[in-house]
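See below for model36.txt, which holds compact mmCIF, N, CA and C atoms.
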# COMPACT_ATOMS: atom_id res chain seq x y z
N MET A 1 117.90 59.53 -0.78
CA MET A 1 117.51 58.56 0.22
C MET A 1 118.74 58.17 1.01
N ILE A 2 118.55 58.12 2.31
CA ILE A 2 119.60 57.66 3.22
C ILE A 2 118.99 56.58 4.09
N TYR A 3 119.67 55.44 4.20
CA TYR A 3 119.21 54.34 5.05
C TYR A 3 120.34 54.02 6.00
N THR A 4 120.09 54.17 7.30
CA THR A 4 121.17 54.02 8.28
C THR A 4 120.62 53.55 9.61
N GLU A 5 121.52 53.25 10.50
CA GLU A 5 121.16 52.97 11.89
C GLU A 5 120.82 54.30 12.57
N ILE A 6 119.79 54.32 13.40
CA ILE A 6 119.49 55.54 14.15
C ILE A 6 120.71 55.95 14.97
N ALA A 7 121.44 54.98 15.50
CA ALA A 7 122.63 55.27 16.30
C ALA A 7 123.70 56.00 15.48
N ASN A 8 123.65 55.89 14.16
CA ASN A 8 124.64 56.53 13.29
C ASN A 8 124.12 57.79 12.61
N ILE A 9 122.91 58.20 12.92
CA ILE A 9 122.30 59.32 12.20
C ILE A 9 123.07 60.62 12.41
N SER A 10 123.82 60.70 13.50
CA SER A 10 124.60 61.92 13.74
C SER A 10 125.69 62.12 12.68
N HIS A 11 126.02 61.09 11.92
CA HIS A 11 126.98 61.24 10.81
C HIS A 11 126.47 62.22 9.76
N TYR A 12 125.17 62.48 9.75
CA TYR A 12 124.56 63.36 8.74
C TYR A 12 124.36 64.77 9.29
N HIS A 13 124.91 65.01 10.47
CA HIS A 13 124.90 66.36 11.05
C HIS A 13 125.70 67.27 10.13
N GLY A 14 125.19 68.46 9.89
CA GLY A 14 125.88 69.41 9.03
C GLY A 14 125.30 69.50 7.63
N LEU A 15 124.33 68.64 7.30
CA LEU A 15 123.72 68.68 5.97
C LEU A 15 122.65 69.77 5.85
N GLY A 16 122.21 70.30 6.98
CA GLY A 16 121.21 71.36 6.94
C GLY A 16 120.76 71.69 8.35
N GLU A 17 120.37 72.94 8.56
CA GLU A 17 119.98 73.42 9.88
C GLU A 17 118.86 72.58 10.50
N TYR A 18 117.83 72.29 9.71
CA TYR A 18 116.68 71.59 10.27
C TYR A 18 116.94 70.09 10.42
N LEU A 19 117.73 69.52 9.53
CA LEU A 19 118.12 68.13 9.72
C LEU A 19 118.96 68.01 10.98
N ASP A 20 119.82 69.00 11.25
CA ASP A 20 120.61 68.98 12.49
C ASP A 20 119.70 68.98 13.71
N LYS A 21 118.62 69.75 13.68
CA LYS A 21 117.69 69.77 14.81
C LYS A 21 117.03 68.41 15.00
N ALA A 22 116.68 67.75 13.90
CA ALA A 22 116.07 66.42 13.99
C ALA A 22 117.08 65.42 14.56
N VAL A 23 118.32 65.47 14.09
CA VAL A 23 119.37 64.57 14.57
C VAL A 23 119.61 64.80 16.06
N ASP A 24 119.69 66.07 16.47
CA ASP A 24 119.90 66.38 17.89
C ASP A 24 118.73 65.87 18.74
N TYR A 25 117.51 66.02 18.22
CA TYR A 25 116.33 65.54 18.94
C TYR A 25 116.41 64.02 19.15
N LEU A 26 116.76 63.29 18.08
CA LEU A 26 116.85 61.83 18.20
C LEU A 26 117.94 61.42 19.18
N ALA A 27 119.01 62.19 19.25
CA ALA A 27 120.10 61.86 20.17
C ALA A 27 119.67 62.00 21.63
N SER A 28 118.70 62.87 21.89
CA SER A 28 118.31 63.11 23.28
C SER A 28 116.90 62.62 23.63
N HIS A 29 116.20 62.04 22.66
CA HIS A 29 114.84 61.55 22.91
C HIS A 29 114.69 60.14 22.32
N PRO A 30 115.00 59.12 23.10
CA PRO A 30 114.84 57.74 22.59
C PRO A 30 113.38 57.46 22.24
N LEU A 31 113.18 56.61 21.27
CA LEU A 31 111.83 56.28 20.81
C LEU A 31 111.17 55.18 21.62
N ASP A 32 111.92 54.48 22.44
CA ASP A 32 111.35 53.39 23.26
C ASP A 32 110.19 53.90 24.09
N GLY A 33 109.06 53.25 23.98
CA GLY A 33 107.89 53.58 24.79
C GLY A 33 107.13 54.82 24.35
N ILE A 34 107.51 55.42 23.24
CA ILE A 34 106.83 56.63 22.77
C ILE A 34 105.37 56.32 22.40
N GLN A 35 104.50 57.26 22.65
CA GLN A 35 103.08 57.10 22.36
C GLN A 35 102.74 57.75 21.02
N ALA A 36 101.69 57.25 20.39
CA ALA A 36 101.20 57.84 19.14
C ALA A 36 100.81 59.29 19.39
N GLY A 37 101.09 60.15 18.42
CA GLY A 37 100.71 61.55 18.54
C GLY A 37 101.67 62.46 17.80
N HIS A 38 101.48 63.76 18.00
CA HIS A 38 102.29 64.79 17.36
C HIS A 38 103.27 65.36 18.37
N TYR A 39 104.53 65.51 17.97
CA TYR A 39 105.58 66.03 18.84
C TYR A 39 106.22 67.24 18.17
N ASP A 40 106.12 68.38 18.82
CA ASP A 40 106.71 69.60 18.30
C ASP A 40 108.20 69.61 18.62
N ILE A 41 109.02 69.84 17.59
CA ILE A 41 110.47 69.94 17.78
C ILE A 41 110.91 71.38 17.50
N ASP A 42 110.50 71.92 16.36
CA ASP A 42 110.79 73.31 16.00
C ASP A 42 109.66 73.83 15.11
N GLY A 43 108.48 73.94 15.69
CA GLY A 43 107.33 74.46 14.96
C GLY A 43 107.02 73.66 13.70
N ASP A 44 106.76 74.38 12.60
CA ASP A 44 106.44 73.68 11.35
C ASP A 44 107.69 73.34 10.55
N ARG A 45 108.87 73.60 11.11
CA ARG A 45 110.13 73.29 10.43
C ARG A 45 110.62 71.88 10.73
N VAL A 46 110.40 71.43 11.96
CA VAL A 46 110.80 70.08 12.36
C VAL A 46 109.77 69.59 13.38
N TYR A 47 109.11 68.49 13.06
CA TYR A 47 108.15 67.91 14.00
C TYR A 47 108.06 66.41 13.74
N MET A 48 107.51 65.71 14.72
CA MET A 48 107.42 64.26 14.60
C MET A 48 105.97 63.82 14.81
N ASN A 49 105.55 62.88 13.98
CA ASN A 49 104.27 62.21 14.16
C ASN A 49 104.55 60.74 14.41
N VAL A 50 103.85 60.19 15.39
CA VAL A 50 103.99 58.77 15.72
C VAL A 50 102.64 58.11 15.47
N PHE A 51 102.67 57.00 14.75
CA PHE A 51 101.45 56.31 14.31
C PHE A 51 101.46 54.86 14.78
N ASP A 52 100.28 54.34 15.07
CA ASP A 52 100.05 52.91 15.27
C ASP A 52 99.15 52.46 14.14
N TYR A 53 99.54 51.43 13.40
CA TYR A 53 98.70 50.95 12.30
C TYR A 53 99.07 49.53 11.93
N GLU A 54 98.27 48.96 11.08
CA GLU A 54 98.49 47.63 10.52
C GLU A 54 99.05 47.81 9.11
N THR A 55 100.14 47.11 8.82
CA THR A 55 100.69 47.19 7.47
C THR A 55 99.72 46.55 6.47
N VAL A 56 99.92 46.86 5.19
CA VAL A 56 98.98 46.43 4.14
C VAL A 56 99.73 45.79 2.99
N PRO A 57 99.03 45.01 2.16
CA PRO A 57 99.65 44.49 0.94
C PRO A 57 100.06 45.67 0.03
N GLU A 58 101.05 45.45 -0.82
CA GLU A 58 101.58 46.54 -1.64
C GLU A 58 100.51 47.27 -2.45
N GLU A 59 99.55 46.55 -2.98
CA GLU A 59 98.52 47.20 -3.81
C GLU A 59 97.65 48.18 -3.01
N GLU A 60 97.70 48.10 -1.68
CA GLU A 60 96.94 49.03 -0.84
C GLU A 60 97.82 50.14 -0.25
N GLY A 61 99.12 50.11 -0.52
CA GLY A 61 100.03 51.11 0.02
C GLY A 61 99.81 52.48 -0.62
N PHE A 62 100.16 53.52 0.10
CA PHE A 62 100.03 54.89 -0.40
C PHE A 62 101.40 55.36 -0.87
N PHE A 63 101.47 55.79 -2.13
CA PHE A 63 102.72 56.23 -2.76
C PHE A 63 102.71 57.75 -2.74
N GLU A 64 103.67 58.36 -2.07
CA GLU A 64 103.64 59.80 -1.84
C GLU A 64 105.02 60.41 -2.04
N ALA A 65 105.03 61.73 -2.12
CA ALA A 65 106.26 62.52 -2.15
C ALA A 65 105.94 63.90 -1.61
N HIS A 66 106.98 64.66 -1.33
CA HIS A 66 106.82 66.00 -0.77
C HIS A 66 107.79 66.94 -1.48
N ARG A 67 107.41 68.20 -1.62
CA ARG A 67 108.29 69.18 -2.24
C ARG A 67 109.15 69.92 -1.23
N LYS A 68 108.61 70.14 -0.03
CA LYS A 68 109.28 71.00 0.94
C LYS A 68 109.84 70.27 2.15
N TYR A 69 109.55 68.99 2.29
CA TYR A 69 109.97 68.26 3.49
C TYR A 69 110.69 66.97 3.13
N ALA A 70 111.68 66.66 3.94
CA ALA A 70 112.26 65.32 3.98
C ALA A 70 111.56 64.59 5.12
N ASP A 71 111.48 63.28 5.04
CA ASP A 71 110.89 62.46 6.09
C ASP A 71 111.96 61.53 6.66
N ILE A 72 112.01 61.44 7.97
CA ILE A 72 112.85 60.43 8.62
C ILE A 72 111.90 59.37 9.15
N HIS A 73 111.86 58.21 8.51
CA HIS A 73 110.98 57.09 8.87
C HIS A 73 111.71 56.16 9.83
N MET A 74 111.05 55.80 10.94
CA MET A 74 111.64 54.90 11.92
C MET A 74 110.57 53.99 12.49
N ALA A 75 110.77 52.69 12.39
CA ALA A 75 109.87 51.74 13.04
C ALA A 75 110.24 51.69 14.52
N VAL A 76 109.27 51.91 15.37
CA VAL A 76 109.50 51.82 16.81
C VAL A 76 109.30 50.37 17.24
N THR A 77 108.20 49.76 16.78
CA THR A 77 107.95 48.33 16.98
C THR A 77 107.41 47.76 15.68
N GLY A 78 107.64 46.50 15.46
CA GLY A 78 107.20 45.85 14.23
C GLY A 78 108.15 46.19 13.08
N GLU A 79 107.73 45.80 11.90
CA GLU A 79 108.51 46.13 10.71
C GLU A 79 107.59 46.36 9.54
N GLU A 80 108.06 47.18 8.62
CA GLU A 80 107.32 47.43 7.40
C GLU A 80 108.31 47.56 6.25
N ILE A 81 107.79 47.45 5.07
CA ILE A 81 108.57 47.68 3.86
C ILE A 81 108.17 49.06 3.33
N VAL A 82 109.16 49.84 2.92
CA VAL A 82 108.92 51.12 2.27
C VAL A 82 109.49 51.01 0.86
N GLY A 83 108.64 51.25 -0.13
CA GLY A 83 109.10 51.27 -1.52
C GLY A 83 109.54 52.68 -1.87
N VAL A 84 110.66 52.81 -2.58
CA VAL A 84 111.19 54.12 -2.92
C VAL A 84 111.52 54.16 -4.41
N SER A 85 111.14 55.27 -5.05
CA SER A 85 111.48 55.52 -6.46
C SER A 85 111.87 56.98 -6.62
N ASP A 86 112.75 57.24 -7.56
CA ASP A 86 113.06 58.63 -7.88
C ASP A 86 111.80 59.28 -8.42
N LEU A 87 111.55 60.50 -7.98
CA LEU A 87 110.33 61.21 -8.38
C LEU A 87 110.21 61.33 -9.90
N SER A 88 111.33 61.37 -10.60
CA SER A 88 111.30 61.48 -12.06
C SER A 88 110.77 60.22 -12.73
N ARG A 89 110.66 59.13 -12.00
CA ARG A 89 110.23 57.85 -12.57
C ARG A 89 108.78 57.49 -12.25
N VAL A 90 108.07 58.42 -11.59
CA VAL A 90 106.66 58.19 -11.27
C VAL A 90 105.84 59.35 -11.81
N SER A 91 104.52 59.19 -11.81
CA SER A 91 103.61 60.24 -12.27
C SER A 91 102.85 60.81 -11.08
N VAL A 92 102.70 62.13 -11.08
CA VAL A 92 101.96 62.79 -10.01
C VAL A 92 100.47 62.70 -10.32
N LYS A 93 99.70 62.15 -9.38
CA LYS A 93 98.24 62.08 -9.52
C LYS A 93 97.60 63.33 -8.95
N THR A 94 97.99 63.72 -7.73
CA THR A 94 97.43 64.90 -7.08
C THR A 94 98.54 65.57 -6.27
N PHE A 95 98.35 66.87 -6.00
CA PHE A 95 99.26 67.59 -5.11
C PHE A 95 98.45 68.55 -4.26
N ASP A 96 98.57 68.40 -2.95
CA ASP A 96 97.94 69.28 -1.99
C ASP A 96 99.05 70.18 -1.44
N GLU A 97 99.12 71.42 -1.95
CA GLU A 97 100.21 72.32 -1.57
C GLU A 97 100.20 72.64 -0.08
N GLU A 98 99.02 72.85 0.50
CA GLU A 98 98.93 73.18 1.92
C GLU A 98 99.52 72.08 2.79
N ARG A 99 99.28 70.83 2.45
CA ARG A 99 99.79 69.69 3.21
C ARG A 99 101.14 69.20 2.69
N ASP A 100 101.62 69.80 1.59
CA ASP A 100 102.85 69.36 0.93
C ASP A 100 102.80 67.85 0.69
N LEU A 101 101.70 67.41 0.10
CA LEU A 101 101.50 65.98 -0.12
C LEU A 101 101.16 65.70 -1.57
N MET A 102 102.05 64.99 -2.21
CA MET A 102 101.89 64.57 -3.59
C MET A 102 101.53 63.09 -3.59
N GLU A 103 100.43 62.74 -4.24
CA GLU A 103 100.13 61.32 -4.45
C GLU A 103 100.68 60.97 -5.82
N VAL A 104 101.46 59.90 -5.87
CA VAL A 104 102.09 59.50 -7.13
C VAL A 104 101.72 58.06 -7.46
N GLU A 105 101.98 57.69 -8.72
CA GLU A 105 101.79 56.30 -9.13
C GLU A 105 102.94 55.92 -10.04
N GLY A 106 103.23 54.63 -10.04
CA GLY A 106 104.32 54.12 -10.86
C GLY A 106 104.97 52.93 -10.17
N ALA A 107 106.06 52.50 -10.76
CA ALA A 107 106.77 51.33 -10.24
C ALA A 107 107.71 51.72 -9.11
N VAL A 108 107.85 50.83 -8.15
CA VAL A 108 108.82 50.99 -7.06
C VAL A 108 110.17 50.51 -7.57
N GLU A 109 111.20 51.33 -7.36
CA GLU A 109 112.56 50.95 -7.77
C GLU A 109 113.30 50.15 -6.69
N HIS A 110 113.08 50.51 -5.41
CA HIS A 110 113.81 49.88 -4.31
C HIS A 110 112.85 49.61 -3.16
N TYR A 111 113.05 48.47 -2.51
CA TYR A 111 112.28 48.14 -1.32
C TYR A 111 113.22 48.14 -0.12
N ILE A 112 112.85 48.88 0.92
CA ILE A 112 113.67 49.00 2.12
C ILE A 112 112.91 48.38 3.29
N ARG A 113 113.58 47.47 4.01
CA ARG A 113 112.98 46.86 5.20
C ARG A 113 113.25 47.79 6.39
N LEU A 114 112.18 48.35 6.92
CA LEU A 114 112.28 49.28 8.04
C LEU A 114 112.06 48.51 9.34
N LEU A 115 113.12 48.38 10.10
CA LEU A 115 113.12 47.65 11.37
C LEU A 115 113.43 48.62 12.51
N PRO A 116 113.06 48.28 13.75
CA PRO A 116 113.46 49.13 14.88
C PRO A 116 114.99 49.31 14.89
N GLY A 117 115.41 50.54 15.15
CA GLY A 117 116.84 50.84 15.16
C GLY A 117 117.36 51.40 13.85
N LYS A 118 116.55 51.32 12.79
CA LYS A 118 116.95 51.84 11.48
C LYS A 118 116.22 53.15 11.19
N ALA A 119 116.82 53.97 10.34
CA ALA A 119 116.19 55.21 9.89
C ALA A 119 116.30 55.27 8.37
N LEU A 120 115.19 55.62 7.74
CA LEU A 120 115.15 55.85 6.30
C LEU A 120 114.80 57.31 6.10
N ILE A 121 115.71 58.06 5.50
CA ILE A 121 115.46 59.47 5.21
C ILE A 121 115.11 59.59 3.74
N THR A 122 113.87 60.03 3.48
CA THR A 122 113.46 60.27 2.10
C THR A 122 113.46 61.77 1.87
N LEU A 123 114.07 62.17 0.78
CA LEU A 123 114.23 63.57 0.40
C LEU A 123 113.16 63.92 -0.63
N PRO A 124 113.01 65.20 -0.99
CA PRO A 124 111.96 65.56 -1.95
C PRO A 124 112.02 64.81 -3.28
N GLU A 125 113.17 64.33 -3.69
CA GLU A 125 113.24 63.58 -4.95
C GLU A 125 112.88 62.10 -4.78
N ASP A 126 112.55 61.69 -3.55
CA ASP A 126 112.27 60.29 -3.26
C ASP A 126 110.78 60.07 -3.02
N ALA A 127 110.08 59.53 -4.01
CA ALA A 127 108.70 59.09 -3.79
C ALA A 127 108.78 57.85 -2.91
N HIS A 128 107.85 57.72 -1.98
CA HIS A 128 107.92 56.58 -1.06
C HIS A 128 106.53 55.99 -0.83
N LYS A 129 106.48 54.68 -0.95
CA LYS A 129 105.24 53.92 -0.76
C LYS A 129 105.32 53.30 0.62
N VAL A 130 104.41 53.72 1.50
CA VAL A 130 104.53 53.39 2.92
C VAL A 130 103.49 52.36 3.38
N LYS A 131 103.77 51.83 4.57
CA LYS A 131 102.89 50.90 5.27
C LYS A 131 102.82 49.52 4.63
N LEU A 132 103.82 49.14 3.83
CA LEU A 132 103.76 47.85 3.15
C LEU A 132 104.14 46.71 4.10
N ALA A 133 103.37 45.64 4.02
CA ALA A 133 103.60 44.47 4.88
C ALA A 133 104.88 43.76 4.48
N ALA A 134 105.63 43.35 5.49
CA ALA A 134 106.80 42.50 5.29
C ALA A 134 106.32 41.06 5.45
N GLY A 135 105.64 40.54 4.44
CA GLY A 135 104.98 39.24 4.53
C GLY A 135 103.51 39.47 4.80
N SER A 136 103.03 39.00 5.94
CA SER A 136 101.63 39.20 6.31
C SER A 136 101.44 40.55 6.98
N PRO A 137 100.25 41.16 6.85
CA PRO A 137 99.98 42.41 7.56
C PRO A 137 100.23 42.24 9.06
N ALA A 138 100.81 43.26 9.68
CA ALA A 138 101.16 43.20 11.10
C ALA A 138 101.12 44.59 11.71
N ALA A 139 101.03 44.64 13.02
CA ALA A 139 101.00 45.92 13.74
C ALA A 139 102.38 46.57 13.73
N VAL A 140 102.37 47.88 13.54
CA VAL A 140 103.60 48.67 13.53
C VAL A 140 103.35 49.97 14.30
N LYS A 141 104.34 50.38 15.05
CA LYS A 141 104.36 51.73 15.60
C LYS A 141 105.52 52.40 14.87
N LYS A 142 105.21 53.53 14.24
CA LYS A 142 106.21 54.20 13.40
C LYS A 142 106.28 55.68 13.75
N ALA A 143 107.50 56.19 13.82
CA ALA A 143 107.74 57.61 14.01
C ALA A 143 108.26 58.19 12.70
N VAL A 144 107.72 59.36 12.33
CA VAL A 144 108.20 60.07 11.14
C VAL A 144 108.51 61.50 11.55
N ILE A 145 109.77 61.88 11.41
CA ILE A 145 110.15 63.27 11.64
C ILE A 145 110.11 63.99 10.30
N LYS A 146 109.33 65.07 10.26
CA LYS A 146 109.22 65.92 9.08
C LYS A 146 110.26 67.04 9.21
N VAL A 147 111.10 67.18 8.19
CA VAL A 147 112.21 68.14 8.22
C VAL A 147 112.07 69.08 7.04
N TYR A 148 111.89 70.35 7.30
CA TYR A 148 111.74 71.35 6.23
C TYR A 148 113.07 71.50 5.48
N VAL A 149 113.01 71.39 4.17
CA VAL A 149 114.20 71.55 3.34
C VAL A 149 114.02 72.65 2.30
N GLY A 150 112.85 73.31 2.32
CA GLY A 150 112.63 74.44 1.42
C GLY A 150 111.84 74.07 0.26
Structure encoded using structure tokens:
Amino acid sequence: MIYTEIANISHYHGLGEYLDKAVDYLASHPLDGIQAGHYDIDGDRVYMNVFDYETVPEEEGFFEAHRKYADIHMAVTGEEIVGVSDLSRVSVKTFDEERDLMEVEGAVEHYIRLLPGKALITLPEDAHKVKLAAGSPAAVKKAVIKVYVG
């Protein structure tokens, strides 16, 4: 897990070919005013999905992990809490190989406040519980760049 300012994400350039493409994309494509939808960056290796949704209480959050992708989570507007646990500390409920989506259950080890201007990079060893309300449920626009890591 990496938690940093989007403005500093270029410090992680060189960690991998596809992460470099995501970093370069963020450097040249500001998120201000971005619309919900799918954005192709490099086919199925690097792409971005932008969502509009209402955050939820923790008991309604979805706890997930991926085997082949890292996620770069960024709040465009609003704020949410993302719970993160090492994959070894949770149990896998289901795994959809085609979607590279593991549903997990267990305790959250760390809570990260995702605010505009921040980036949270979750790696395959990082289970992450998303869409959690920072207090009361509220509207959020969130961008997630999916980065293939093998």
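For the set A:Glu54, A:Glu5, A:Asp86, A:Glu97, the residue with the smallest atom-to-atom gap to Gly117 (chain A) is A:Glu5, counting all atoms listed in the file.
With only C-alpha atoms taken into account, the protein and nucleic acid residues at most 7 Å from Lys141 (chain A) (excluding it and anything under 5 positions from it in its own chain) are Phe51, Asp52, Tyr53, Ala75, Val76, Thr77 and Gly78 of chain A.
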### Query
In chain A, what's strand (DSSP E or B) per DSSP? Answer as a PyMOL selection string?
chain A and resi 2-5+37-42+44+46-54+56+62-65+69-77+80-86+91-96+101-105+110-114+118-122+126-132+139-148
### Task
Would you mind listing what lies within 9 Å of Leu26 (chain A) as a ChimeraX atom specification, with only C-alpha atoms counted and same-chain residues fewer than 6 positions away left out?
/A:6-7,9-10
### Query
Which polymer residues have any atom within 8 Å of an atom of Tyr69 (chain A), counting only N, CA and C atoms, with same-chain residues fewer than 6 positions away left out, as JSON, numbers by chain?
{"A": [100, 122, 123, 124, 125, 145, 146, 147, 148, 149, 150]}
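Across the model, the gap from CA of Glu79 (chain A) to CA of Val140 (chain A) is 6.2 Å.
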### Task
Determine which residues of region 12-126 of chain A receive a DSSP assignment of alpha helix (DSSP H), computed from the backbone, and state them as a count of residues only.
12
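If you measure from each of A:Val130, A:Leu115, A:Leu120, A:Val46 to Gly83 (chain A) using only C-alpha atoms, the closest one turns out to be A:Val130.
Candidate residues A:Glu103, A:Val144, A:Val84, A:Leu132 were compared for distance to Met48 (chain A), and the nearest is A:Val144, using only C-alpha atoms.
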Expected file for region 46-70 of chain A keeping N, CA and C atoms, as a PDB file, in the first residue's frame:
ATOM      1  N   VAL A  46      -3.689  -0.931 -18.419  1.00  0.00           N
ATOM      2  CA  VAL A  46      -3.859   0.277 -17.607  1.00  0.00           C
ATOM      3  C   VAL A  46      -5.119   0.980 -18.092  1.00  0.00           C
ATOM      4  N   TYR A  47      -6.077   1.148 -17.201  1.00  0.00           N
ATOM      5  CA  TYR A  47      -7.298   1.867 -17.553  1.00  0.00           C
ATOM      6  C   TYR A  47      -7.876   2.497 -16.290  1.00  0.00           C
ATOM      7  N   MET A  48      -8.773   3.451 -16.502  1.00  0.00           N
ATOM      8  CA  MET A  48      -9.350   4.162 -15.370  1.00  0.00           C
ATOM      9  C   MET A  48     -10.871   4.089 -15.445  1.00  0.00           C
ATOM     10  N   ASN A  49     -11.478   3.861 -14.295  1.00  0.00           N
ATOM     11  CA  ASN A  49     -12.923   3.954 -14.148  1.00  0.00           C
ATOM     12  C   ASN A  49     -13.219   5.077 -13.172  1.00  0.00           C
ATOM     13  N   VAL A  50     -14.199   5.898 -13.525  1.00  0.00           N
ATOM     14  CA  VAL A  50     -14.616   7.000 -12.662  1.00  0.00           C
ATOM     15  C   VAL A  50     -16.062   6.746 -12.266  1.00  0.00           C
ATOM     16  N   PHE A  51     -16.323   6.846 -10.969  1.00  0.00           N
ATOM     17  CA  PHE A  51     -17.632   6.512 -10.399  1.00  0.00           C
ATOM     18  C   PHE A  51     -18.203   7.698  -9.629  1.00  0.00           C
ATOM     19  N   ASP A  52     -19.519   7.816  -9.647  1.00  0.00           N
ATOM     20  CA  ASP A  52     -20.264   8.708  -8.756  1.00  0.00           C
ATOM     21  C   ASP A  52     -21.097   7.815  -7.860  1.00  0.00           C
ATOM     22  N   TYR A  53     -20.993   7.981  -6.547  1.00  0.00           N
ATOM     23  CA  TYR A  53     -21.786   7.158  -5.634  1.00  0.00           C
ATOM     24  C   TYR A  53     -21.895   7.819  -4.276  1.00  0.00           C
ATOM     25  N   GLU A  54     -22.712   7.237  -3.450  1.00  0.00           N
ATOM     26  CA  GLU A  54     -22.900   7.659  -2.064  1.00  0.00           C
ATOM     27  C   GLU A  54     -22.119   6.687  -1.183  1.00  0.00           C
ATOM     28  N   THR A  55     -21.313   7.223  -0.275  1.00  0.00           N
ATOM     29  CA  THR A  55     -20.591   6.350   0.643  1.00  0.00           C
ATOM     30  C   THR A  55     -21.575   5.647   1.579  1.00  0.00           C
ATOM     31  N   VAL A  56     -21.096   4.577   2.213  1.00  0.00           N
ATOM     32  CA  VAL A  56     -21.971   3.727   3.039  1.00  0.00           C
ATOM     33  C   VAL A  56     -21.338   3.477   4.396  1.00  0.00           C
ATOM     34  N   PRO A  57     -22.145   3.072   5.387  1.00  0.00           N
ATOM     35  CA  PRO A  57     -21.578   2.656   6.671  1.00  0.00           C
ATOM     36  C   PRO A  57     -20.663   1.437   6.459  1.00  0.00           C
ATOM     37  N   GLU A  58     -19.703   1.254   7.356  1.00  0.00           N
ATOM     38  CA  GLU A  58     -18.713   0.192   7.174  1.00  0.00           C
ATOM     39  C   GLU A  58     -19.330  -1.184   6.964  1.00  0.00           C
ATOM     40  N   GLU A  59     -20.400  -1.494   7.668  1.00  0.00           N
ATOM     41  CA  GLU A  59     -21.001  -2.830   7.534  1.00  0.00           C
ATOM     42  C   GLU A  59     -21.568  -3.081   6.130  1.00  0.00           C
ATOM     43  N   GLU A  60     -21.740  -2.024   5.337  1.00  0.00           N
ATOM     44  CA  GLU A  60     -22.233  -2.173   3.966  1.00  0.00           C
ATOM     45  C   GLU A  60     -21.118  -2.074   2.926  1.00  0.00           C
ATOM     46  N   GLY A  61     -19.886  -1.830   3.360  1.00  0.00           N
ATOM     47  CA  GLY A  61     -18.764  -1.694   2.432  1.00  0.00           C
ATOM     48  C   GLY A  61     -18.395  -3.031   1.803  1.00  0.00           C
ATOM     49  N   PHE A  62     -17.803  -2.972   0.625  1.00  0.00           N
ATOM     50  CA  PHE A  62     -17.376  -4.176  -0.087  1.00  0.00           C
ATOM     51  C   PHE A  62     -15.876  -4.341   0.114  1.00  0.00           C
ATOM     52  N   PHE A  63     -15.476  -5.503   0.625  1.00  0.00           N
ATOM     53  CA  PHE A  63     -14.076  -5.809   0.937  1.00  0.00           C
ATOM     54  C   PHE A  63     -13.551  -6.675  -0.201  1.00  0.00           C
ATOM     55  N   GLU A  64     -12.542  -6.198  -0.907  1.00  0.00           N
ATOM     56  CA  GLU A  64     -12.095  -6.861  -2.126  1.00  0.00           C
ATOM     57  C   GLU A  64     -10.573  -6.902  -2.201  1.00  0.00           C
ATOM     58  N   ALA A  65     -10.090  -7.718  -3.121  1.00  0.00           N
ATOM     59  CA  ALA A  65      -8.668  -7.781  -3.456  1.00  0.00           C
ATOM     60  C   ALA A  65      -8.558  -8.275  -4.891  1.00  0.00           C
ATOM     61  N   HIS A  66      -7.367  -8.152  -5.439  1.00  0.00           N
ATOM     62  CA  HIS A  66      -7.118  -8.553  -6.821  1.00  0.00           C
ATOM     63  C   HIS A  66      -5.797  -9.302  -6.881  1.00  0.00           C
ATOM     64  N   ARG A  67      -5.680 -10.247  -7.795  1.00  0.00           N
ATOM     65  CA  ARG A  67      -4.427 -10.988  -7.957  1.00  0.00           C
ATOM     66  C   ARG A  67      -3.517 -10.369  -9.005  1.00  0.00           C
ATOM     67  N   LYS A  68      -4.106  -9.771 -10.045  1.00  0.00           N
ATOM     68  CA  LYS A  68      -3.317  -9.314 -11.186  1.00  0.00           C
ATOM     69  C   LYS A  68      -3.231  -7.798 -11.322  1.00  0.00           C
ATOM     70  N   TYR A  69      -3.974  -7.065 -10.520  1.00  0.00           N
ATOM     71  CA  TYR A  69      -4.007  -5.608 -10.676  1.00  0.00           C
ATOM     72  C   TYR A  69      -3.755  -4.894  -9.356  1.00  0.00           C
ATOM     73  N   ALA A  70      -3.057  -3.779  -9.467  1.00  0.00           N
ATOM     74  CA  ALA A  70      -3.000  -2.788  -8.398  1.00  0.00           C
ATOM     75  C   ALA A  70      -4.066  -1.753  -8.725  1.00  0.00           C
TER      76      ALA A  70
END
